[in-house]
>>> print(open('target25.csv').read())   # CSV, C-alpha atoms and all ligand atoms
chain,number,residue,atom,x,y,z
W,262,MET,CA,-8.4,166.9,243.3
W,263,GLU,CA,-7.3,167.7,239.8
W,264,LYS,CA,-5.0,165.5,237.8
W,265,SER,CA,-4.0,164.7,234.3
W,266,ILE,CA,-2.3,161.8,232.5
W,267,ALA,CA,0.9,163.9,232.7
W,268,ASP,CA,0.8,163.7,236.5
W,269,ASN,CA,1.1,160.0,236.7
W,270,PHE,CA,-2.4,159.3,235.7
W,271,SER,CA,-3.9,156.5,237.7
W,272,PRO,CA,-7.3,155.4,236.5
W,273,GLN,CA,-8.1,154.0,240.0
W,274,ASP,CA,-7.3,157.2,241.8
W,275,CYS,CA,-9.0,159.2,239.3
W,276,THR,CA,-12.1,157.2,239.3
W,277,ASP,CA,-12.3,157.0,243.1
W,278,ASN,CA,-12.0,160.8,243.4
W,279,LEU,CA,-14.3,161.7,240.6
W,280,THR,CA,-16.9,159.0,241.0
W,281,SER,CA,-17.6,160.2,244.5
W,282,GLU,CA,-17.7,163.8,243.3
W,283,LEU,CA,-19.9,163.1,240.3
W,284,THR,CA,-22.2,160.4,241.7
W,285,GLY,CA,-23.3,163.0,244.4
W,286,LYS,CA,-25.0,164.7,241.4
W,287,GLY,CA,-26.7,161.6,240.1
W,288,GLN,CA,-26.1,158.8,237.7
W,289,ILE,CA,-23.1,159.2,235.3
W,290,LYS,CA,-23.9,158.6,231.7
W,291,ILE,CA,-22.5,159.4,228.3
W,292,ALA,CA,-24.4,161.2,225.5
W,293,LEU,CA,-23.2,160.7,222.0
W,294,ALA,CA,-24.5,162.9,219.2
W,295,ILE,CA,-23.4,161.5,215.8
W,296,GLY,CA,-23.1,164.2,213.1
W,297,ASN,CA,-22.0,163.8,209.5
W,298,SER,CA,-18.5,165.0,210.1
W,299,ARG,CA,-17.7,163.8,213.7
W,300,LEU,CA,-18.9,162.5,217.0
W,301,HIS,CA,-19.9,164.9,219.7
W,302,TRP,CA,-19.7,163.6,223.3
W,303,GLY,CA,-21.2,164.8,226.5
W,304,LEU,CA,-20.7,163.5,230.1
W,305,PHE,CA,-23.6,163.8,232.4
W,306,ALA,CA,-23.8,163.4,236.2
W,307,GLY,CA,-27.6,163.2,236.7
W,308,LYS,CA,-29.0,166.1,234.6
W,309,THR,CA,-25.8,168.2,234.9
W,310,LEU,CA,-23.7,168.4,231.8
W,311,GLU,CA,-20.1,168.1,233.1
W,312,LYS,CA,-18.1,168.1,229.9
W,313,THR,CA,-18.4,168.0,226.1
W,314,TRP,CA,-15.8,167.0,223.5
W,315,ASP,CA,-15.5,165.9,219.9
W,316,THR,CA,-13.8,162.9,218.2
W,317,GLU,CA,-13.7,161.4,214.8
W,318,HIS,CA,-16.2,158.8,213.5
W,319,LEU,CA,-15.5,155.1,214.1
W,320,LYS,CA,-14.4,153.1,211.1
W,321,ALA,CA,-17.6,151.3,210.2
W,322,ASP,CA,-15.9,148.6,208.0
W,323,ALA,CA,-13.3,147.8,210.7
W,324,VAL,CA,-16.0,147.5,213.3
W,325,SER,CA,-18.3,145.3,211.1
W,326,ARG,CA,-15.4,142.8,210.8
W,327,LEU,CA,-15.3,142.2,214.5
W,328,SER,CA,-17.2,139.3,216.1
W,329,GLU,CA,-20.2,140.3,218.3
W,330,ALA,CA,-18.2,139.7,221.5
W,331,GLN,CA,-15.2,141.7,220.2
W,332,LYS,CA,-17.5,144.5,219.1
W,333,VAL,CA,-18.9,145.0,222.7
W,334,GLU,CA,-15.4,145.1,224.1
W,335,TYR,CA,-14.3,147.5,221.3
W,336,LEU,CA,-17.2,149.9,221.9
W,337,VAL,CA,-16.8,149.9,225.7
W,338,GLN,CA,-13.1,150.7,225.2
W,339,THR,CA,-14.0,153.4,222.7
W,340,VAL,CA,-16.1,155.2,225.3
W,341,ARG,CA,-13.3,154.8,227.8
W,342,ARG,CA,-10.6,156.0,225.5
W,343,SER,CA,-12.7,158.9,224.5
W,344,ILE,CA,-13.1,159.9,228.1
W,345,GLU,CA,-9.4,159.4,228.7
W,346,GLU,CA,-8.7,161.8,225.9
W,347,LEU,CA,-10.2,164.4,228.0
W,348,SER,CA,-7.7,163.7,230.8
W,349,SER,CA,-4.9,163.9,228.3
W,350,GLN,CA,-6.1,167.3,227.3
W,351,ASN,CA,-5.3,168.4,230.8
W,352,LEU,CA,-8.9,168.7,231.7
W,353,ARG,CA,-10.0,167.2,235.0
W,354,CYS,CA,-9.7,163.4,234.9
W,355,LEU,CA,-12.9,161.6,234.6
W,356,PRO,CA,-14.2,158.1,235.5
W,357,ALA,CA,-14.3,155.5,232.8
W,358,THR,CA,-16.9,153.6,234.8
W,359,PRO,CA,-19.4,154.6,237.5
W,360,ALA,CA,-17.8,152.1,239.9
W,361,PHE,CA,-15.4,149.2,239.7
W,362,SER,CA,-13.6,147.0,242.2
W,363,SER,CA,-10.4,146.2,240.4
W,364,PRO,CA,-8.7,147.5,237.3
W,365,ASP,CA,-9.4,144.2,235.5
W,366,THR,CA,-13.1,144.9,235.6
W,367,LEU,CA,-12.7,148.4,234.3
W,368,SER,CA,-13.4,147.6,230.7
W,369,LEU,CA,-16.3,145.3,231.6
W,370,VAL,CA,-18.5,147.9,233.3
W,371,PRO,CA,-20.0,150.1,230.6
W,372,LEU,CA,-21.3,153.6,231.2
W,373,PRO,CA,-24.9,154.0,230.1
W,374,LEU,CA,-24.9,155.7,226.6
W,375,VAL,CA,-27.6,157.8,225.1
W,376,LEU,CA,-27.3,158.2,221.4
W,377,ALA,CA,-28.7,160.7,218.9
W,378,SER,CA,-27.5,160.1,215.4
W,379,VAL,CA,-28.2,161.4,211.9
W,380,VAL,CA,-25.8,158.8,210.4
W,381,PRO,CA,-27.5,155.3,210.2
W,382,GLN,CA,-24.2,153.5,209.5
W,383,GLN,CA,-22.7,154.9,212.7
W,384,THR,CA,-25.9,154.2,214.7
W,385,ALA,CA,-25.7,150.6,213.6
W,386,ILE,CA,-22.2,150.2,215.1
W,387,TRP,CA,-23.4,151.2,218.6
W,388,GLN,CA,-26.3,148.8,218.7
W,389,SER,CA,-23.9,146.2,220.1
W,390,TYR,CA,-23.1,148.5,223.1
W,391,PRO,CA,-24.4,146.9,226.3
W,392,ASP,CA,-26.3,149.8,227.7
W,393,VAL,CA,-27.4,152.0,224.8
W,394,ARG,CA,-30.6,154.0,224.3
W,395,ILE,CA,-31.2,155.5,220.9
W,396,ILE,CA,-33.2,158.8,221.0
W,397,THR,CA,-36.1,159.1,218.5
W,398,LEU,CA,-38.3,162.0,217.6
W,399,ASP,CA,-41.4,160.5,219.3
W,400,GLN,CA,-39.6,161.0,222.7
W,401,LEU,CA,-39.4,164.8,222.3
W,402,GLN,CA,-41.9,167.3,223.6
W,403,ILE,CA,-42.2,169.3,220.4
W,404,GLY,CA,-45.3,169.4,218.2
W,405,GLY,CA,-45.4,169.3,214.4
W,406,LEU,CA,-42.3,167.2,213.9
W,407,TYR,CA,-42.2,165.5,210.4
W,408,PRO,CA,-40.9,162.0,210.4
W,409,THR,CA,-37.6,162.6,208.5
W,410,LEU,CA,-36.6,165.6,210.6
W,411,GLY,CA,-33.0,165.2,211.8
W,412,ILE,CA,-32.9,164.2,215.5
W,413,ASP,CA,-30.0,166.7,216.0
W,414,ARG,CA,-32.2,169.5,214.8
W,415,ALA,CA,-35.1,168.5,217.0
W,416,LEU,CA,-32.9,168.0,220.1
W,417,ALA,CA,-31.0,171.3,219.7
W,418,LEU,CA,-34.3,173.1,219.1
W,419,LEU,CA,-35.8,171.6,222.2
W,420,GLY,CA,-32.7,172.3,224.3
W,421,ALA,CA,-32.4,175.9,223.1
W,422,GLY,CA,-36.1,176.6,223.6
W,423,ASN,CA,-36.1,175.2,227.1
W,424,GLN,CA,-32.9,177.0,228.1
W,425,LEU,CA,-33.4,180.4,226.4
W,426,GLY,CA,-37.2,180.5,225.9
W,427,TRP,CA,-39.8,180.1,223.2
W,428,PRO,CA,-40.3,180.9,220.3
W,429,VAL,CA,-36.8,180.0,219.2
W,430,LEU,CA,-34.9,179.8,215.9
W,431,LEU,CA,-31.9,177.3,216.1
W,432,ILE,CA,-29.2,177.7,213.5
W,433,ASP,CA,-26.8,174.8,213.2
W,434,ALA,CA,-23.5,175.7,211.4
W,435,GLY,CA,-22.4,172.1,210.9
W,436,THR,CA,-21.6,169.9,207.9
W,437,ALA,CA,-25.0,171.1,206.7
W,438,LEU,CA,-26.2,174.6,207.7
W,439,THR,CA,-29.8,174.3,209.1
W,440,PHE,CA,-32.4,176.7,210.4
W,441,THR,CA,-35.1,175.2,212.6
W,442,GLY,CA,-37.8,177.3,214.3
W,443,ALA,CA,-40.6,176.7,216.8
W,444,ASP,CA,-43.3,178.9,218.2
W,445,VAL,CA,-44.3,179.7,221.8
W,446,ASN,CA,-46.3,176.5,221.9
W,447,ARG,CA,-43.2,174.4,221.2
W,448,TYR,CA,-44.6,173.6,217.8
W,449,LEU,CA,-42.3,173.3,214.8
W,450,VAL,CA,-42.9,176.2,212.4
W,451,GLY,CA,-40.3,174.9,209.9
W,452,GLY,CA,-36.8,175.3,208.7
W,453,ALA,CA,-34.3,175.0,205.8
W,454,ILE,CA,-31.1,173.1,204.9
W,455,LEU,CA,-28.2,174.1,202.8
W,456,PRO,CA,-24.5,173.0,202.5
W,457,GLY,CA,-22.4,174.3,205.4
W,458,LEU,CA,-19.4,176.5,205.0
W,459,GLY,CA,-16.9,173.7,205.0
W,460,LEU,CA,-19.0,171.6,202.6
W,461,GLN,CA,-19.4,174.4,200.1
W,462,LEU,CA,-15.6,174.8,200.0
W,463,SER,CA,-14.9,171.1,199.8
W,464,SER,CA,-17.5,170.5,197.1
W,465,LEU,CA,-16.0,173.2,194.9
W,466,GLY,CA,-12.6,171.8,195.4
W,467,LYS,CA,-13.7,168.2,194.6
W,468,LYS,CA,-16.2,168.8,191.8
W,469,THR,CA,-14.3,171.2,189.7
W,470,ALA,CA,-11.1,170.8,187.7
W,471,ALA,CA,-9.5,174.2,188.3
W,472,LEU,CA,-10.7,175.2,191.8
W,473,PRO,CA,-8.4,174.3,194.7
W,474,LEU,CA,-9.5,173.2,198.1
W,475,ILE,CA,-9.6,176.4,200.2
W,476,SER,CA,-10.0,176.9,203.9
W,477,LEU,CA,-12.3,179.4,205.6
W,478,PRO,CA,-10.8,182.9,206.2
W,479,GLU,CA,-10.4,184.0,209.8
W,480,ASN,CA,-12.3,187.3,209.0
W,481,LEU,CA,-14.8,188.6,206.5
W,482,PRO,CA,-12.8,188.6,203.2
W,483,HIS,CA,-12.8,191.3,200.5
W,484,ARG,CA,-15.9,190.9,198.5
W,485,TRP,CA,-14.5,191.7,195.0
W,486,ALA,CA,-11.6,189.3,194.8
W,487,THR,CA,-8.8,189.4,192.2
W,488,ASP,CA,-7.6,185.8,192.7
W,489,THR,CA,-9.1,182.4,192.7
W,490,ALA,CA,-8.8,181.6,196.4
W,491,GLY,CA,-10.2,185.0,197.4
W,492,GLY,CA,-13.0,184.6,194.9
W,493,ILE,CA,-14.1,181.3,196.4
W,494,GLN,CA,-13.9,182.7,200.0
W,495,SER,CA,-15.8,185.7,199.0
W,496,GLY,CA,-18.5,183.8,197.2
W,497,VAL,CA,-19.1,181.3,200.0
W,498,VAL,CA,-18.8,183.7,202.9
W,499,TYR,CA,-20.9,186.6,201.5
W,500,ALA,CA,-23.6,184.4,200.0
W,501,THR,CA,-23.9,182.3,203.2
W,502,VAL,CA,-23.9,185.4,205.5
W,503,ALA,CA,-26.5,187.1,203.4
W,504,GLY,CA,-28.6,184.0,203.5
W,505,VAL,CA,-28.3,183.6,207.2
W,506,ARG,CA,-29.3,187.2,207.7
W,507,ASP,CA,-32.3,186.8,205.5
W,508,PHE,CA,-33.5,183.8,207.4
W,509,ILE,CA,-33.0,185.5,210.7
W,510,GLU,CA,-34.8,188.7,209.6
W,511,ASP,CA,-37.7,186.8,208.1
W,512,TRP,CA,-38.0,184.9,211.4
W,513,ARG,CA,-37.9,188.1,213.4
W,514,CYS,CA,-40.8,189.5,211.3
W,515,LEU,CA,-42.8,186.4,212.2
W,516,PHE,CA,-41.7,186.2,215.8
W,517,PRO,CA,-40.4,189.6,216.9
W,518,ASN,CA,-39.4,188.5,220.4
W,519,SER,CA,-37.9,185.2,219.4
W,520,LYS,CA,-34.6,183.9,220.7
W,521,ILE,CA,-32.1,183.1,218.0
W,522,ALA,CA,-29.5,180.4,218.9
W,523,LEU,CA,-26.4,179.3,217.0
W,524,THR,CA,-24.6,176.0,217.3
W,525,GLY,CA,-22.3,173.7,215.2
W,526,GLY,CA,-18.6,173.4,214.4
W,527,ASP,CA,-18.6,176.6,212.3
W,528,ARG,CA,-20.6,178.7,214.7
W,529,THR,CA,-17.7,181.0,215.8
W,530,LEU,CA,-16.5,181.8,212.2
W,531,LEU,CA,-20.1,182.3,211.0
W,532,LEU,CA,-20.9,184.7,213.8
W,533,GLN,CA,-17.7,186.6,213.2
W,534,TYR,CA,-18.6,187.1,209.5
W,535,LEU,CA,-22.1,188.0,210.4
W,536,ALA,CA,-21.0,190.5,213.1
W,537,SER,CA,-18.7,192.2,210.5
W,538,ALA,CA,-21.3,192.3,207.7
W,539,PHE,CA,-24.5,192.8,209.6
W,540,PRO,CA,-23.8,193.8,213.2
W,541,ASP,CA,-27.4,194.4,214.1
W,542,THR,CA,-28.5,191.0,213.1
W,543,ALA,CA,-25.5,189.4,214.8
W,544,SER,CA,-26.2,191.1,218.1
W,545,ALA,CA,-29.5,189.1,218.4
W,546,VAL,CA,-27.7,185.8,218.1
W,547,ILE,CA,-26.9,183.7,221.2
W,548,VAL,CA,-24.1,181.2,220.9
W,549,ALA,CA,-25.3,177.8,222.2
W,550,PRO,CA,-22.6,175.1,221.5
W,551,GLU,CA,-24.2,172.7,223.9
W,552,ALA,CA,-27.8,173.1,222.6
W,553,ILE,CA,-28.1,169.4,221.6
W,554,PHE,CA,-26.9,168.3,225.0
W,555,TRP,CA,-29.4,170.6,226.7
W,556,GLY,CA,-32.0,168.8,224.7
W,557,ILE,CA,-30.7,165.4,225.7
W,558,SER,CA,-30.7,166.4,229.4
W,559,LEU,CA,-34.5,166.9,229.2
W,560,LEU,CA,-35.3,163.3,228.2
W,561,SER,CA,-36.8,161.2,230.9
W,562,VAL,CA,-34.6,158.2,231.8
W,563,ASP,CA,-37.4,155.8,231.1
W,564,CYS,CA,-38.2,156.5,227.5
E,601,LIG,N1,-11.7,170.0,214.9
E,601,LIG,C1,-12.6,170.0,213.9
E,601,LIG,N2,-12.8,168.9,213.1
E,601,LIG,C2,-13.7,168.9,212.1
E,601,LIG,N3,-14.4,170.0,211.8
E,601,LIG,C3,-14.3,171.1,212.5
E,601,LIG,C4,-13.3,171.2,213.6
E,601,LIG,N4,-13.5,172.4,214.2
E,601,LIG,C5,-14.4,173.1,213.5
E,601,LIG,N5,-14.9,172.3,212.5
E,601,LIG,C6,-15.9,172.7,211.5
E,601,LIG,O1,-17.1,172.1,211.9
E,601,LIG,C7,-17.9,171.9,210.7
E,601,LIG,C8,-18.7,170.6,211.0
E,601,LIG,O2,-19.5,171.0,212.0
E,601,LIG,P1,-20.0,169.9,213.1
E,601,LIG,O3,-18.9,169.2,213.7
E,601,LIG,O4,-21.0,170.7,214.0
E,601,LIG,O5,-20.8,169.0,212.1
E,601,LIG,P2,-21.5,167.6,212.4
E,601,LIG,O6,-22.3,167.8,213.6
E,601,LIG,O7,-20.6,166.5,212.3
E,601,LIG,O8,-22.4,167.6,211.1
E,601,LIG,P3,-24.0,167.7,211.0
E,601,LIG,O9,-24.6,168.1,212.3
E,601,LIG,O10,-24.2,168.8,210.0
E,601,LIG,O11,-24.4,166.4,210.5
E,601,LIG,C9,-16.9,171.7,209.5
E,601,LIG,O12,-17.4,172.4,208.4
E,601,LIG,C10,-15.6,172.4,210.1
E,601,LIG,O13,-15.3,173.6,209.4
E,602,LIG,C1,-29.7,168.2,208.0
E,602,LIG,C2,-28.7,167.3,208.8
E,602,LIG,C3,-27.7,166.6,207.9
E,602,LIG,C4,-28.0,168.2,209.8
E,602,LIG,O1,-27.1,167.5,210.6
E,602,LIG,C5,-29.5,166.3,209.7
E,602,LIG,O2,-30.4,167.0,210.6
E,602,LIG,C6,-30.4,165.4,208.8
E,602,LIG,O3,-29.9,164.4,208.2
E,602,LIG,N1,-31.7,165.7,208.7
E,602,LIG,C7,-32.7,164.9,208.0
E,602,LIG,C8,-33.5,165.8,207.1
E,602,LIG,C9,-34.3,166.9,207.8
E,602,LIG,O4,-33.9,167.4,208.9
E,602,LIG,O5,-35.3,167.3,207.2
E,603,K,K,-27.2,161.4,201.7
>>> encode(input="target25.csv", output="structure tokens")
Amino acid sequence: MEKSIADNFSPQDCTDNLTSELTGKGQIKIALAIGNSRLHWGLFAGKTLEKTWDTEHLKADAVSRLSEAQKVEYLVQTVRRSIEELSSQNLRCLPATPAFSSPDTLSLVPLPLVLASVVPQQTAIWQSYPDVRIITLDQLQIGGLYPTLGIDRALALLGAGNQLGWPVLLIDAGTALTFTGADVNRYLVGGAILPGLGLQLSSLGKKTAALPLISLPENLPHRWATDTAGGIQSGVVYATVAGVRDFIEDWRCLFPNSKIALTGGDRTLLLQYLASAFPDTASAVIVAPEAIFWGISLLSVDC
């Protein structure tokens, strides 16, 4: 039965219906991937990824001022609120807890949380959560990982390789734009990191006196601009797209049959620019917004 908050949302009804529906598939748990711009959430029933959604970061200072007991309550409520946000988006309503006997106990029964973070300050906040497991590189079945590699890159690489096949090149168009490639033996070949599209624009806006803060164009802009905003858009978009193409084509020389996967918040725009500028290159790219959650689903529950 499908409901939303708008239809007299009742957590008890909702939970009763969906808990039975979801628990049939296995244990319900929440995955949280903490990126530099925002939080990425996933709801699992067993190994099945039911839903994903994004929210803002928690305010680290506000949380640090709470007592330890308040912190636990706050974090449990945060997970709950986050899930309820899904219901308010008219998606299917989802349980806040795997099971509870009365509404009073709702906030006291935490869903298990698996955490992958590249933001230590945000990771620290979640250490108070009652049932949290923090994913580390040593838990992943990929060879050749170096110790400071971002867990988001490693998980998305593993997820994309497992889902689409190896070798694989994973491009993450997030706050940072990253390339991460592995061979047929699931061994890291290497990668690269540069500022993402949004970060290039915001750093120009912030670190110069005369350049305004510009947003990304919907389509590939004119290359030879005759105004400032157009010049910024052209520079950032054409240079990034040329760079992305160059990395993809170099990778395809090394691994002609490799899969190429694209994830991250700017994936749709980046692929659109790439498709307009370099259609042949773009046609090889597979959009994989859930790659990091595919990776998380592969972890054994015990590690
Ligand atoms: N609703 C949104 N809120 C914030 N950013 C958005 C949104 N929709 C798209 N974006 C784009 O997503 C980009 C950030 O990507 P993403 O959310 O994947 O980053 P992140 O995972 O937090 O960072 P990273 O993985 O690089 O540490 C921004 O440059 C922005 O242009
Ligand atoms: C590159 C980012 C910021 C992308 O989210 C993250 O993966 C990270 O902080 N990585 C650490 C450095 C590395 O991956 O080599
Ligand atoms: K830094």
>>> residues_near_ligand(input="target25.csv", ligand="ligand LIG 601 (chain E)", cutoff="7 Å", atoms="all atoms listed in the file", output="NGL selection string")
:W and (295-300 or 379 or 413 or 434-438 or 457-460 or 525-527)
>>> residues_around(input="target25.csv", residues="W:Gln494", least_positions_apart="3", cutoff="10 Å", atoms="only C-alpha atoms", output="list in words")
Leu458, Gln461, Leu462, Ile475, Ser476, Leu477, Pro478, Leu481, Pro482, His483, Arg484, Ala486, Thr489, Ala490, Gly491, Val497, Val498, Tyr499 and Ala500 of chain W
>>> write_last_selection(input="target25.csv", atoms="C-alpha atoms", output="short mmCIF file (atom, residue, chain, number, x, y, z; two decimals), in the coordinates of the input")
data_model
loop_
_atom_site.label_atom_id
_atom_site.label_comp_id
_atom_site.auth_asym_id
_atom_site.auth_seq_id
_atom_site.Cartn_x
_atom_site.Cartn_y
_atom_site.Cartn_z
CA LEU W 458 -19.40 176.50 205.00
CA GLN W 461 -19.40 174.40 200.10
CA LEU W 462 -15.60 174.80 200.00
CA ILE W 475 -9.60 176.40 200.20
CA SER W 476 -10.00 176.90 203.90
CA LEU W 477 -12.30 179.40 205.60
CA PRO W 478 -10.80 182.90 206.20
CA LEU W 481 -14.80 188.60 206.50
CA PRO W 482 -12.80 188.60 203.20
CA HIS W 483 -12.80 191.30 200.50
CA ARG W 484 -15.90 190.90 198.50
CA ALA W 486 -11.60 189.30 194.80
CA THR W 489 -9.10 182.40 192.70
CA ALA W 490 -8.80 181.60 196.40
CA GLY W 491 -10.20 185.00 197.40
CA VAL W 497 -19.10 181.30 200.00
CA VAL W 498 -18.80 183.70 202.90
CA TYR W 499 -20.90 186.60 201.50
CA ALA W 500 -23.60 184.40 200.00
#
>>> atom_distance(input="target25.csv", atom1="atom CA of W:Pro408", atom2="atom O4 of ligand LIG 602 (chain E)")
9.0 Å
>>> residues_around(input="target25.csv", residues="stretch 542-558 of chain W", least_positions_apart="2", cutoff="8 Å", atoms="all atoms listed in the file", output="ChimeraX atom specification")
/W:292,294,303,308-310,313,413-414,416-421,423-424,506,509-510,520-525,528,532,535-536,539-540,560
>>> atom_distance(input="target25.csv", atom1="atom CA of W:Leu336", atom2="atom CA of W:Ile396")
18.3 Å
>>> closest_residue(input="target25.csv", among="W:Ala321, W:Leu327, W:Ile493, W:Leu430", to="W:Pro381", atoms="only C-alpha atoms")
W:Ala321
>>> build_atoms(input="target25.csv", residues="stretch 515-523 of chain W", atoms="all heavy atoms", output="mmCIF file, keeping the file's coordinate frame")
data_model
loop_
_atom_site.group_PDB
_atom_site.id
_atom_site.type_symbol
_atom_site.label_atom_id
_atom_site.label_comp_id
_atom_site.auth_asym_id
_atom_site.auth_seq_id
_atom_site.Cartn_x
_atom_site.Cartn_y
_atom_site.Cartn_z
ATOM 1 N N LEU W 515 -41.777 187.276 211.718
ATOM 2 C CA LEU W 515 -42.800 186.400 212.200
ATOM 3 C C LEU W 515 -42.935 186.352 213.694
ATOM 4 O O LEU W 515 -44.034 186.296 214.259
ATOM 5 C CB LEU W 515 -42.538 184.929 211.681
ATOM 6 C CG LEU W 515 -42.579 184.686 210.176
ATOM 7 C CD1 LEU W 515 -42.056 183.293 209.845
ATOM 8 C CD2 LEU W 515 -44.017 184.853 209.661
ATOM 9 N N PHE W 516 -41.780 186.367 214.358
ATOM 10 C CA PHE W 516 -41.700 186.200 215.800
ATOM 11 C C PHE W 516 -40.757 187.285 216.384
ATOM 12 O O PHE W 516 -39.597 186.992 216.665
ATOM 13 C CB PHE W 516 -41.251 184.822 216.222
ATOM 14 C CG PHE W 516 -42.126 183.728 215.669
ATOM 15 C CD1 PHE W 516 -41.766 183.042 214.519
ATOM 16 C CD2 PHE W 516 -43.328 183.406 216.295
ATOM 17 C CE1 PHE W 516 -42.583 182.053 213.993
ATOM 18 C CE2 PHE W 516 -44.149 182.408 215.777
ATOM 19 C CZ PHE W 516 -43.776 181.730 214.623
ATOM 20 N N PRO W 517 -41.247 188.525 216.540
ATOM 21 C CA PRO W 517 -40.400 189.600 216.900
ATOM 22 C C PRO W 517 -39.567 189.415 218.187
ATOM 23 O O PRO W 517 -38.465 189.926 218.317
ATOM 24 C CB PRO W 517 -41.324 190.826 217.031
ATOM 25 C CG PRO W 517 -42.503 190.456 216.194
ATOM 26 C CD PRO W 517 -42.634 188.968 216.286
ATOM 27 N N ASN W 518 -40.123 188.677 219.126
ATOM 28 C CA ASN W 518 -39.400 188.500 220.400
ATOM 29 C C ASN W 518 -38.670 187.180 220.498
ATOM 30 O O ASN W 518 -38.275 186.772 221.583
ATOM 31 C CB ASN W 518 -40.375 188.636 221.567
ATOM 32 C CG ASN W 518 -41.022 190.007 221.571
ATOM 33 O OD1 ASN W 518 -40.333 191.010 221.356
ATOM 34 N ND2 ASN W 518 -42.334 190.050 221.764
ATOM 35 N N SER W 519 -38.509 186.518 219.377
ATOM 36 C CA SER W 519 -37.900 185.200 219.400
ATOM 37 C C SER W 519 -36.439 185.215 219.825
ATOM 38 O O SER W 519 -35.697 186.140 219.473
ATOM 39 C CB SER W 519 -38.024 184.519 218.053
ATOM 40 O OG SER W 519 -37.403 183.250 218.072
ATOM 41 N N LYS W 520 -36.022 184.180 220.515
ATOM 42 C CA LYS W 520 -34.600 183.900 220.700
ATOM 43 C C LYS W 520 -34.017 183.329 219.459
ATOM 44 O O LYS W 520 -34.716 182.593 218.738
ATOM 45 C CB LYS W 520 -34.408 182.954 221.902
ATOM 46 C CG LYS W 520 -34.915 183.495 223.234
ATOM 47 C CD LYS W 520 -34.022 184.634 223.702
ATOM 48 C CE LYS W 520 -34.289 185.061 225.141
ATOM 49 N NZ LYS W 520 -35.606 185.673 225.319
ATOM 50 N N ILE W 521 -32.742 183.630 219.206
ATOM 51 C CA ILE W 521 -32.100 183.100 218.000
ATOM 52 C C ILE W 521 -30.756 182.439 218.530
ATOM 53 O O ILE W 521 -29.910 183.140 219.102
ATOM 54 C CB ILE W 521 -31.792 184.140 216.981
ATOM 55 C CG1 ILE W 521 -33.148 184.671 216.470
ATOM 56 C CG2 ILE W 521 -30.969 183.586 215.820
ATOM 57 C CD1 ILE W 521 -33.082 186.014 215.856
ATOM 58 N N ALA W 522 -30.623 181.124 218.371
ATOM 59 C CA ALA W 522 -29.500 180.400 218.900
ATOM 60 C C ALA W 522 -28.628 179.840 217.793
ATOM 61 O O ALA W 522 -29.145 179.448 216.742
ATOM 62 C CB ALA W 522 -29.947 179.287 219.845
ATOM 63 N N LEU W 523 -27.318 179.805 218.030
ATOM 64 C CA LEU W 523 -26.400 179.300 217.000
ATOM 65 C C LEU W 523 -25.485 178.242 217.591
ATOM 66 O O LEU W 523 -24.856 178.438 218.639
ATOM 67 C CB LEU W 523 -25.519 180.518 216.521
ATOM 68 C CG LEU W 523 -24.395 180.215 215.528
ATOM 69 C CD1 LEU W 523 -24.938 179.661 214.210
ATOM 70 C CD2 LEU W 523 -23.581 181.491 215.257
#
